[in-house]
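Student: Sharing run-v4.cif, mmCIF, C-alpha atoms:
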data_coords
#
loop_
_atom_site.group_PDB
_atom_site.id
_atom_site.type_symbol
_atom_site.label_atom_id
_atom_site.label_comp_id
_atom_site.auth_asym_id
_atom_site.auth_seq_id
_atom_site.Cartn_x
_atom_site.Cartn_y
_atom_site.Cartn_z
ATOM 1 C CA MET A 73 0.000 0.000 0.000
ATOM 2 C CA ALA A 74 1.119 3.537 -0.722
ATOM 3 C CA GLY A 75 2.723 5.205 2.275
ATOM 4 C CA ILE A 76 3.970 8.618 3.290
ATOM 5 C CA VAL A 77 7.088 9.571 5.255
ATOM 6 C CA PHE A 78 7.445 13.008 6.848
ATOM 7 C CA PHE A 79 10.920 14.223 7.827
ATOM 8 C CA SER A 80 10.967 16.437 10.910
ATOM 9 C CA PRO A 81 14.241 18.152 11.902
ATOM 10 C CA HIS A 82 13.071 18.344 15.530
ATOM 11 C CA PRO A 83 10.264 16.810 17.566
ATOM 12 C CA ASP A 84 7.093 18.812 16.706
ATOM 13 C CA ASP A 85 8.071 20.521 13.396
ATOM 14 C CA VAL A 86 5.838 18.332 11.220
ATOM 15 C CA GLU A 87 2.948 18.428 13.705
ATOM 16 C CA PHE A 88 3.048 22.231 13.947
ATOM 17 C CA VAL A 89 3.023 22.808 10.189
ATOM 18 C CA LEU A 90 1.296 19.705 8.794
ATOM 19 C CA GLY A 91 -0.599 18.213 11.726
ATOM 20 C CA GLY A 92 -3.831 18.284 9.735
ATOM 21 C CA THR A 93 -2.208 16.588 6.746
ATOM 22 C CA VAL A 94 -0.859 13.843 9.014
ATOM 23 C CA LEU A 95 -4.269 13.336 10.619
ATOM 24 C CA LEU A 96 -6.038 13.218 7.237
ATOM 25 C CA HIS A 97 -3.742 10.451 5.952
ATOM 26 C CA CYS A 98 -2.722 8.340 8.931
ATOM 27 C CA ASN A 99 -5.975 6.363 9.110
ATOM 28 C CA ARG A 100 -5.787 5.370 5.438
ATOM 29 C CA TYR A 101 -2.102 5.060 4.608
ATOM 30 C CA PRO A 102 1.055 3.955 6.426
ATOM 31 C CA THR A 103 2.303 7.200 7.964
ATOM 32 C CA GLU A 104 5.780 7.633 9.446
ATOM 33 C CA ILE A 105 7.289 10.740 11.005
ATOM 34 C CA VAL A 106 11.079 10.532 11.008
ATOM 35 C CA VAL A 107 12.465 12.817 13.712
ATOM 36 C CA MET A 108 16.028 13.752 12.879
ATOM 37 C CA THR A 109 17.305 15.259 16.155
ATOM 38 C CA ASP A 110 16.596 14.925 19.861
ATOM 39 C CA GLY A 111 15.665 18.604 20.162
ATOM 40 C CA GLY A 112 18.063 19.009 23.059
ATOM 41 C CA ALA A 113 19.268 22.490 22.064
ATOM 42 C CA ALA A 114 15.828 24.081 22.531
ATOM 43 C CA ALA A 115 15.484 26.940 25.002
ATOM 44 C CA ASN A 116 12.789 24.965 26.842
ATOM 45 C CA GLY A 117 12.434 21.268 27.502
ATOM 46 C CA THR A 118 15.125 18.611 27.667
ATOM 47 C CA LYS A 119 15.608 15.981 24.985
ATOM 48 C CA GLU A 120 13.999 13.458 27.371
ATOM 49 C CA ILE A 121 10.895 15.629 27.784
ATOM 50 C CA ARG A 122 10.607 16.199 24.052
ATOM 51 C CA ARG A 123 10.796 12.464 23.386
ATOM 52 C CA LEU A 124 8.042 11.863 25.950
ATOM 53 C CA GLU A 125 5.863 14.406 24.162
ATOM 54 C CA SER A 126 6.299 12.558 20.850
ATOM 55 C CA ASP A 127 5.539 9.288 22.598
ATOM 56 C CA MET A 128 2.335 10.819 23.946
ATOM 57 C CA VAL A 129 1.248 11.844 20.439
ATOM 58 C CA ALA A 130 1.851 8.277 19.260
ATOM 59 C CA SER A 131 -0.106 6.811 22.179
ATOM 60 C CA VAL A 132 -3.130 9.032 21.469
ATOM 61 C CA ASN A 133 -2.859 8.555 17.688
ATOM 62 C CA PRO A 134 -1.813 4.914 17.176
ATOM 63 C CA ASN A 135 -1.795 5.278 13.382
ATOM 64 C CA ILE A 136 0.946 7.912 13.552
ATOM 65 C CA HIS A 137 4.277 6.096 13.751
ATOM 66 C CA TYR A 138 7.628 7.604 14.689
ATOM 67 C CA THR A 139 11.233 6.816 13.879
ATOM 68 C CA HIS A 140 13.681 8.753 16.087
ATOM 69 C CA LEU A 141 17.142 8.938 14.545
ATOM 70 C CA GLY A 142 18.508 10.694 17.641
ATOM 71 C CA PHE A 143 21.034 13.000 16.031
ATOM 72 C CA ALA A 144 22.225 15.862 18.220
ATOM 73 C CA ASP A 145 20.260 19.073 17.822
ATOM 74 C CA MET A 146 22.002 21.613 15.534
ATOM 75 C CA SER A 147 24.190 18.867 14.048
ATOM 76 C CA ILE A 148 22.424 18.026 10.779
ATOM 77 C CA SER A 149 24.697 18.187 7.753
ATOM 78 C CA SER A 150 24.167 17.045 4.195
ATOM 79 C CA TYR A 151 27.867 16.076 4.229
ATOM 80 C CA ASN A 152 27.567 13.745 7.230
ATOM 81 C CA GLU A 153 27.909 10.201 5.880
ATOM 82 C CA ASP A 154 26.405 8.495 8.940
ATOM 83 C CA GLN A 155 23.304 10.681 8.689
ATOM 84 C CA LEU A 156 23.119 10.072 4.942
ATOM 85 C CA PHE A 157 23.281 6.299 5.404
ATOM 86 C CA SER A 158 20.560 6.474 8.072
ATOM 87 C CA ILE A 159 18.178 8.286 5.719
ATOM 88 C CA ILE A 160 18.912 5.893 2.847
ATOM 89 C CA SER A 161 18.098 2.984 5.171
ATOM 90 C CA VAL A 162 14.804 4.619 6.215
ATOM 91 C CA ILE A 163 13.747 5.217 2.613
ATOM 92 C CA ARG A 164 14.583 1.677 1.531
ATOM 93 C CA LYS A 165 12.854 0.231 4.595
ATOM 94 C CA PHE A 166 9.525 2.077 4.304
ATOM 95 C CA LYS A 167 9.461 2.490 0.495
ATOM 96 C CA PRO A 168 7.100 5.472 0.664
ATOM 97 C CA SER A 169 5.107 6.701 -2.302
ATOM 98 C CA ILE A 170 5.495 10.253 -0.986
ATOM 99 C CA ILE A 171 8.270 11.880 1.034
ATOM 100 C CA VAL A 172 7.653 15.209 2.764
ATOM 101 C CA LEU A 173 10.644 17.305 3.846
ATOM 102 C CA PRO A 174 11.307 20.852 5.080
ATOM 103 C CA SER A 175 11.890 23.676 2.633
ATOM 104 C CA SER A 176 15.526 24.282 1.730
ATOM 105 C CA ASN A 177 14.777 28.000 2.082
ATOM 106 C CA ASP A 178 13.973 27.803 5.773
ATOM 107 C CA LEU A 179 16.015 30.035 8.056
ATOM 108 C CA HIS A 180 16.830 27.321 10.615
ATOM 109 C CA PRO A 181 20.076 25.466 9.756
ATOM 110 C CA ASP A 182 18.720 22.066 10.822
ATOM 111 C CA HIS A 183 15.726 22.514 8.501
ATOM 112 C CA ILE A 184 17.925 23.571 5.586
ATOM 113 C CA GLN A 185 20.349 20.688 6.086
ATOM 114 C CA THR A 186 17.538 18.157 6.570
ATOM 115 C CA SER A 187 16.083 19.233 3.229
ATOM 116 C CA LEU A 188 19.429 18.917 1.446
ATOM 117 C CA LEU A 189 20.253 15.641 3.182
ATOM 118 C CA VAL A 190 16.926 13.988 2.360
ATOM 119 C CA LYS A 191 17.050 15.081 -1.293
ATOM 120 C CA LYS A 192 20.541 13.640 -1.593
ATOM 121 C CA SER A 193 19.457 10.429 0.156
ATOM 122 C CA VAL A 194 16.434 9.991 -2.122
ATOM 123 C CA GLU A 195 18.682 9.963 -5.182
ATOM 124 C CA MET A 196 21.214 7.624 -3.603
ATOM 125 C CA ALA A 197 18.477 5.291 -2.308
ATOM 126 C CA ALA A 198 17.365 4.795 -5.917
ATOM 127 C CA SER A 199 20.861 3.788 -7.015
ATOM 128 C CA SER A 200 22.828 0.589 -6.491
ATOM 129 C CA PHE A 201 24.725 2.228 -3.623
ATOM 130 C CA CYS A 202 25.495 -0.200 -0.768
ATOM 131 C CA VAL A 203 22.715 -2.660 -1.609
ATOM 132 C CA ASP A 204 24.134 -5.367 0.651
ATOM 133 C CA ARG A 205 24.316 -3.084 3.660
ATOM 134 C CA TYR A 206 21.313 -0.768 3.293
ATOM 135 C CA GLY A 207 18.725 -2.766 1.348
ATOM 136 C CA SER A 208 17.609 -2.915 -2.268
ATOM 137 C CA PRO A 209 17.279 0.289 -4.315
ATOM 138 C CA TYR A 210 14.030 2.212 -4.083
ATOM 139 C CA ASN A 211 12.970 5.254 -6.092
ATOM 140 C CA CYS A 212 10.472 7.612 -4.466
ATOM 141 C CA LYS A 213 8.938 9.638 -7.291
ATOM 142 C CA TYR A 214 7.189 12.334 -5.284
ATOM 143 C CA LEU A 215 8.839 14.821 -2.952
ATOM 144 C CA LEU A 216 6.847 17.550 -1.234
ATOM 145 C CA SER A 217 8.176 20.313 0.991
ATOM 146 C CA TYR A 218 6.644 22.366 3.791
ATOM 147 C CA ARG A 219 7.456 25.858 4.993
ATOM 148 C CA PHE A 220 7.620 26.771 8.664
ATOM 149 C CA PRO A 221 5.413 29.850 9.253
ATOM 150 C CA GLY A 222 7.451 33.034 9.317
ATOM 151 C CA LYS A 223 10.740 31.151 9.001
ATOM 152 C CA THR A 224 11.295 30.917 5.253
ATOM 153 C CA THR A 225 12.705 33.254 2.644
ATOM 154 C CA PRO A 226 10.370 34.485 -0.134
ATOM 155 C CA THR A 227 11.603 32.064 -2.809
ATOM 156 C CA ASP A 228 11.038 28.338 -2.492
ATOM 157 C CA ASP A 229 12.113 25.088 -4.171
ATOM 158 C CA CYS A 230 8.603 24.631 -5.557
ATOM 159 C CA TRP A 231 7.204 23.449 -8.891
ATOM 160 C CA ALA A 232 3.576 23.715 -7.785
ATOM 161 C CA LYS A 233 1.713 24.531 -4.592
ATOM 162 C CA ILE A 234 -0.854 22.160 -3.152
ATOM 163 C CA TYR A 235 -3.386 23.199 -0.510
ATOM 164 C CA LEU A 236 -5.043 20.517 1.600
ATOM 165 C CA ASP A 237 -8.358 21.281 3.290
ATOM 166 C CA VAL A 238 -7.801 20.360 6.956
ATOM 167 C CA SER A 239 -10.905 22.098 8.314
ATOM 168 C CA GLY A 240 -12.516 18.819 9.380
ATOM 169 C CA VAL A 241 -9.588 17.817 11.587
ATOM 170 C CA TYR A 242 -8.535 21.250 12.813
ATOM 171 C CA GLU A 243 -9.632 20.803 16.401
ATOM 172 C CA GLU A 244 -7.635 17.565 16.471
ATOM 173 C CA LYS A 245 -4.628 19.399 15.053
ATOM 174 C CA LYS A 246 -4.783 21.979 17.843
ATOM 175 C CA LYS A 247 -4.871 19.206 20.454
ATOM 176 C CA LEU A 248 -1.925 17.515 18.755
ATOM 177 C CA ILE A 249 0.106 20.737 18.802
ATOM 178 C CA LYS A 250 -0.649 21.371 22.467
ATOM 179 C CA THR A 251 0.819 17.969 23.341
ATOM 180 C CA TYR A 252 4.205 19.635 22.879
ATOM 181 C CA LYS A 253 3.763 21.635 26.068
ATOM 182 C CA SER A 254 7.451 22.280 26.671
ATOM 183 C CA GLN A 255 7.634 24.307 23.466
ATOM 184 C CA ILE A 256 4.226 25.850 22.950
ATOM 185 C CA LEU A 257 3.086 26.843 26.459
ATOM 186 C CA MET A 258 4.333 29.799 28.472
ATOM 187 C CA THR A 259 4.775 27.896 31.722
ATOM 188 C CA GLU A 260 6.237 29.319 34.914
ATOM 189 C CA GLY A 261 10.010 29.644 34.635
ATOM 190 C CA ALA A 262 10.031 29.058 30.869
ATOM 191 C CA THR A 263 12.312 31.079 28.633
ATOM 192 C CA VAL A 264 10.298 33.363 26.359
ATOM 193 C CA THR A 265 10.797 32.359 22.710
ATOM 194 C CA ASP A 266 9.120 33.007 19.361
ATOM 195 C CA VAL A 267 7.506 29.586 19.740
ATOM 196 C CA ASN A 268 5.791 29.977 23.114
ATOM 197 C CA ARG A 269 5.069 33.680 22.625
ATOM 198 C CA ASP A 270 3.039 33.637 19.421
ATOM 199 C CA LEU A 271 3.530 30.516 17.273
ATOM 200 C CA LEU A 272 0.049 29.128 18.000
ATOM 201 C CA SER A 273 -1.605 32.253 16.644
ATOM 202 C CA ILE A 274 0.802 32.375 13.667
ATOM 203 C CA ILE A 275 0.017 28.750 12.758
ATOM 204 C CA GLU A 276 -3.735 29.343 12.914
ATOM 205 C CA SER A 277 -3.458 32.574 10.937
ATOM 206 C CA THR A 278 -1.340 30.869 8.278
ATOM 207 C CA ASP A 279 -3.803 27.985 8.000
ATOM 208 C CA ARG A 280 -6.700 30.444 7.696
ATOM 209 C CA ILE A 281 -4.904 32.345 4.915
ATOM 210 C CA ASN A 282 -4.161 29.086 3.112
ATOM 211 C CA GLY A 283 -7.784 28.042 3.537
ATOM 212 C CA ASN A 284 -8.976 31.319 2.037
ATOM 213 C CA LYS A 285 -6.981 30.541 -1.113
ATOM 214 C CA ILE A 286 -9.174 27.498 -1.805
ATOM 215 C CA GLY A 287 -12.402 28.675 -0.191
ATOM 216 C CA VAL A 288 -12.292 26.665 3.051
ATOM 217 C CA CYS A 289 -11.745 27.500 6.720
ATOM 218 C CA TYR A 290 -8.275 25.975 7.158
ATOM 219 C CA ALA A 291 -5.710 24.520 4.761
ATOM 220 C CA GLU A 292 -2.053 23.469 4.853
ATOM 221 C CA GLU A 293 0.413 24.274 2.088
ATOM 222 C CA LEU A 294 2.720 21.784 0.417
ATOM 223 C CA CYS A 295 5.104 22.388 -2.476
ATOM 224 C CA LEU A 296 5.836 19.837 -5.183
ATOM 225 C CA VAL A 297 9.622 19.479 -5.323
ATOM 226 C CA LYS A 298 9.940 16.316 -7.387
ATOM 227 C CA GLY A 299 7.397 14.483 -9.522
ATOM 228 C CA SER A 300 4.789 15.350 -12.133
ATOM 229 C CA LEU A 301 1.052 15.848 -11.852
ATOM 230 C CA GLY A 302 -0.837 14.267 -14.750
ATOM 231 C CA SER A 303 -4.434 13.790 -15.851
ATOM 232 C CA ASN A 304 -6.602 13.460 -18.947
ATOM 233 C CA ASN A 305 -8.999 16.028 -17.520
ATOM 234 C CA LEU A 306 -7.958 19.459 -16.252
ATOM 235 C CA PHE A 307 -11.042 19.673 -14.045
ATOM 236 C CA LYS A 308 -10.076 16.470 -12.219
ATOM 237 C CA LEU A 309 -6.597 17.880 -11.737
ATOM 238 C CA PHE A 310 -7.698 21.273 -10.433
ATOM 239 C CA TYR A 311 -10.962 20.540 -8.622
#
Using the file provided, produce a representation of the structure as structure tokens.

Tutor:
Amino acid sequence: MAGIVFFSPHPDDVEFVLGGTVLLHCNRYPTEIVVMTDGGAAANGTKEIRRLESDMVASVNPNIHYTHLGFADMSISSYNEDQLFSIISVIRKFKPSIIVLPSSNDLHPDHIQTSLLVKKSVEMAASSFCVDRYGSPYNCKYLLSYRFPGKTTPTDDCWAKIYLDVSGVYEEKKKLIKTYKSQILMTEGATVTDVNRDLLSIIESTDRINGNKIGVCYAEELCLVKGSLGSNNLFKLFY
């Protein structure tokens, strides 16, 4: 069955931006969130707390599966061979029909490097590289990227934009986001950051703006990075 793999530089990135997309697909398709780092460099919350928060999401949503690669926060590099081999192994293991990765035009270095690393790994996973050690070649034809609200430059690595109506699961998305309490809530003694100060309102505003583009209450934006959209009927393609 067709599956989808989301790459998240830190615990919570995918849920914040694409929580609705995950919820819309996880009950129908194998859905894996690959968390690159332990999130230990965050201003709030230890790496142990952040892992517990991901585990809580998985326990409440049993169709959302997680792979934690456990790289150190702020250490992602598209030139790191161990990280490259780990991603190739993940791609060959899950054989997803769709891979979703961060935009390469994000401002956060871990997001930029995750994007570059995954793109490189996708191409190498399709080759005969290290078949004996990392599994048989697999070619994922569709790559989609997501932009973190307020954290990307104006240009994007995007062939076409896709807007998914997530209005029907939006209350669930908000609950999912709030599971990451260490990051999103202004608790006593917490360091004030862009995340706990106003990210919740920025996410909702962004999703409302995206929804307005397609005439719904809330939508999430994805960009087609690799792959082609085809149809024998333009109305089926656009509506």

Student: Using the file's own x, y and z axes, so that the box edges lie along x, y and z, what centre and edge lengths in Å (one decimal) does a box around every listed atom of region 156-168 of chain A get when 8 Å is added on each side? Give it as AutoDock Vina command-line options.

Tutor:
--center_x 15.2 --center_y 5.2 --center_z 4.3 --size_x 32.2 --size_y 25.8 --size_z 23.6

Student: Any idea what the distance is between CA of Tyr206 (chain A) and CA of Arg123 (chain A)?

Tutor: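 Separation between CA of Tyr206 (chain A) and CA of Arg123 (chain A): 26.3 Å.
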
Student: For the file shown, what are the residues hit by the PyMOL selection byres ((chain A and resi 213) around 7), laid out as a ChimeraX atom specification?

Tutor: /A:169,211-212,214-215,298-299

Student: Given the file above and the PyMOL selection byres ((chain A and resi 95-102) around 7), which residues are selected, and can you give them as a list in words?

Tutor: Ala74, Gly75, Ile76, Gly91, Gly92, Thr93, Val94, Thr103, Glu104, Asn135 and Ile136 of chain A

Student: Counting all atoms listed in the file, figure out which residue out of A:Ser300, A:Ser158, A:Gln185, A:Asn284 gets nearest to Ala197 (chain A).

Tutor: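 Nearest to Ala197 (chain A): A:Ser158.
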
Student: At what distance in Å, to one decimal, does CA of Lys246 (chain A) lie from CA of Cys289 (chain A)?

Tutor: 14.2 Å

Student: Calculated over all atoms listed in the file, which of the candidates A:Ile171, A:Phe201, A:Ile275, A:Val297 has the smallest distance to Trp231 (chain A)?

Tutor: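 The closest residue to Trp231 (chain A) is A:Val297.
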
Student: I'd like the interatomic distance between CA of Leu309 (chain A) and CA of Leu216 (chain A), to a tenth of an Å.

Tutor: 17.1 Å

Student: Would you kindly place N, CA and C atoms on region 287-309 of chain A and return the model as a compact mmCIF listing (two decimals), in the frame of the given file?

Tutor:
# COMPACT_ATOMS: atom_id res chain seq x y z
N GLY A 287 -11.01 28.53 -0.58
CA GLY A 287 -12.40 28.68 -0.19
C GLY A 287 -12.86 27.78 0.95
N VAL A 288 -11.93 27.46 1.88
CA VAL A 288 -12.29 26.66 3.05
C VAL A 288 -11.80 27.39 4.31
N CYS A 289 -12.14 26.83 5.47
CA CYS A 289 -11.74 27.50 6.72
C CYS A 289 -10.24 27.40 6.98
N TYR A 290 -9.69 26.20 6.86
CA TYR A 290 -8.28 25.98 7.16
C TYR A 290 -7.66 25.07 6.10
N ALA A 291 -6.44 25.38 5.70
CA ALA A 291 -5.71 24.52 4.76
C ALA A 291 -4.22 24.58 5.08
N GLU A 292 -3.51 23.53 4.69
CA GLU A 292 -2.05 23.47 4.85
C GLU A 292 -1.41 23.44 3.48
N GLU A 293 -0.27 24.13 3.38
CA GLU A 293 0.41 24.27 2.09
C GLU A 293 1.55 23.28 1.95
N LEU A 294 1.61 22.65 0.79
CA LEU A 294 2.72 21.78 0.42
C LEU A 294 3.23 22.22 -0.95
N CYS A 295 4.52 22.05 -1.18
CA CYS A 295 5.10 22.39 -2.48
C CYS A 295 5.64 21.13 -3.15
N LEU A 296 5.32 20.96 -4.42
CA LEU A 296 5.84 19.84 -5.18
C LEU A 296 7.28 20.12 -5.57
N VAL A 297 8.20 19.31 -5.07
CA VAL A 297 9.62 19.48 -5.32
C VAL A 297 10.09 18.54 -6.42
N LYS A 298 9.55 17.31 -6.39
CA LYS A 298 9.94 16.32 -7.39
C LYS A 298 8.70 15.50 -7.76
N GLY A 299 8.54 15.25 -9.06
CA GLY A 299 7.40 14.48 -9.52
C GLY A 299 6.55 15.32 -10.47
N SER A 300 5.65 14.67 -11.16
CA SER A 300 4.79 15.35 -12.13
C SER A 300 3.33 15.02 -11.85
N LEU A 301 2.49 16.04 -11.99
CA LEU A 301 1.05 15.85 -11.85
C LEU A 301 0.47 15.63 -13.25
N GLY A 302 -0.30 14.57 -13.43
CA GLY A 302 -0.84 14.27 -14.75
C GLY A 302 -2.30 13.87 -14.70
N SER A 303 -3.03 14.15 -15.76
CA SER A 303 -4.43 13.79 -15.85
C SER A 303 -4.88 13.92 -17.30
N ASN A 304 -6.00 13.26 -17.63
CA ASN A 304 -6.60 13.46 -18.95
C ASN A 304 -7.76 14.43 -18.89
N ASN A 305 -7.90 15.10 -17.72
CA ASN A 305 -9.00 16.03 -17.52
C ASN A 305 -8.54 17.13 -16.58
N LEU A 306 -8.45 18.35 -17.07
CA LEU A 306 -7.96 19.46 -16.25
C LEU A 306 -8.85 19.71 -15.04
N PHE A 307 -10.15 19.43 -15.17
CA PHE A 307 -11.04 19.67 -14.04
C PHE A 307 -10.81 18.68 -12.91
N LYS A 308 -10.44 17.45 -13.25
CA LYS A 308 -10.08 16.47 -12.22
C LYS A 308 -8.79 16.87 -11.52
N LEU A 309 -7.89 17.49 -12.29
CA LEU A 309 -6.60 17.88 -11.74
C LEU A 309 -6.74 19.08 -10.82
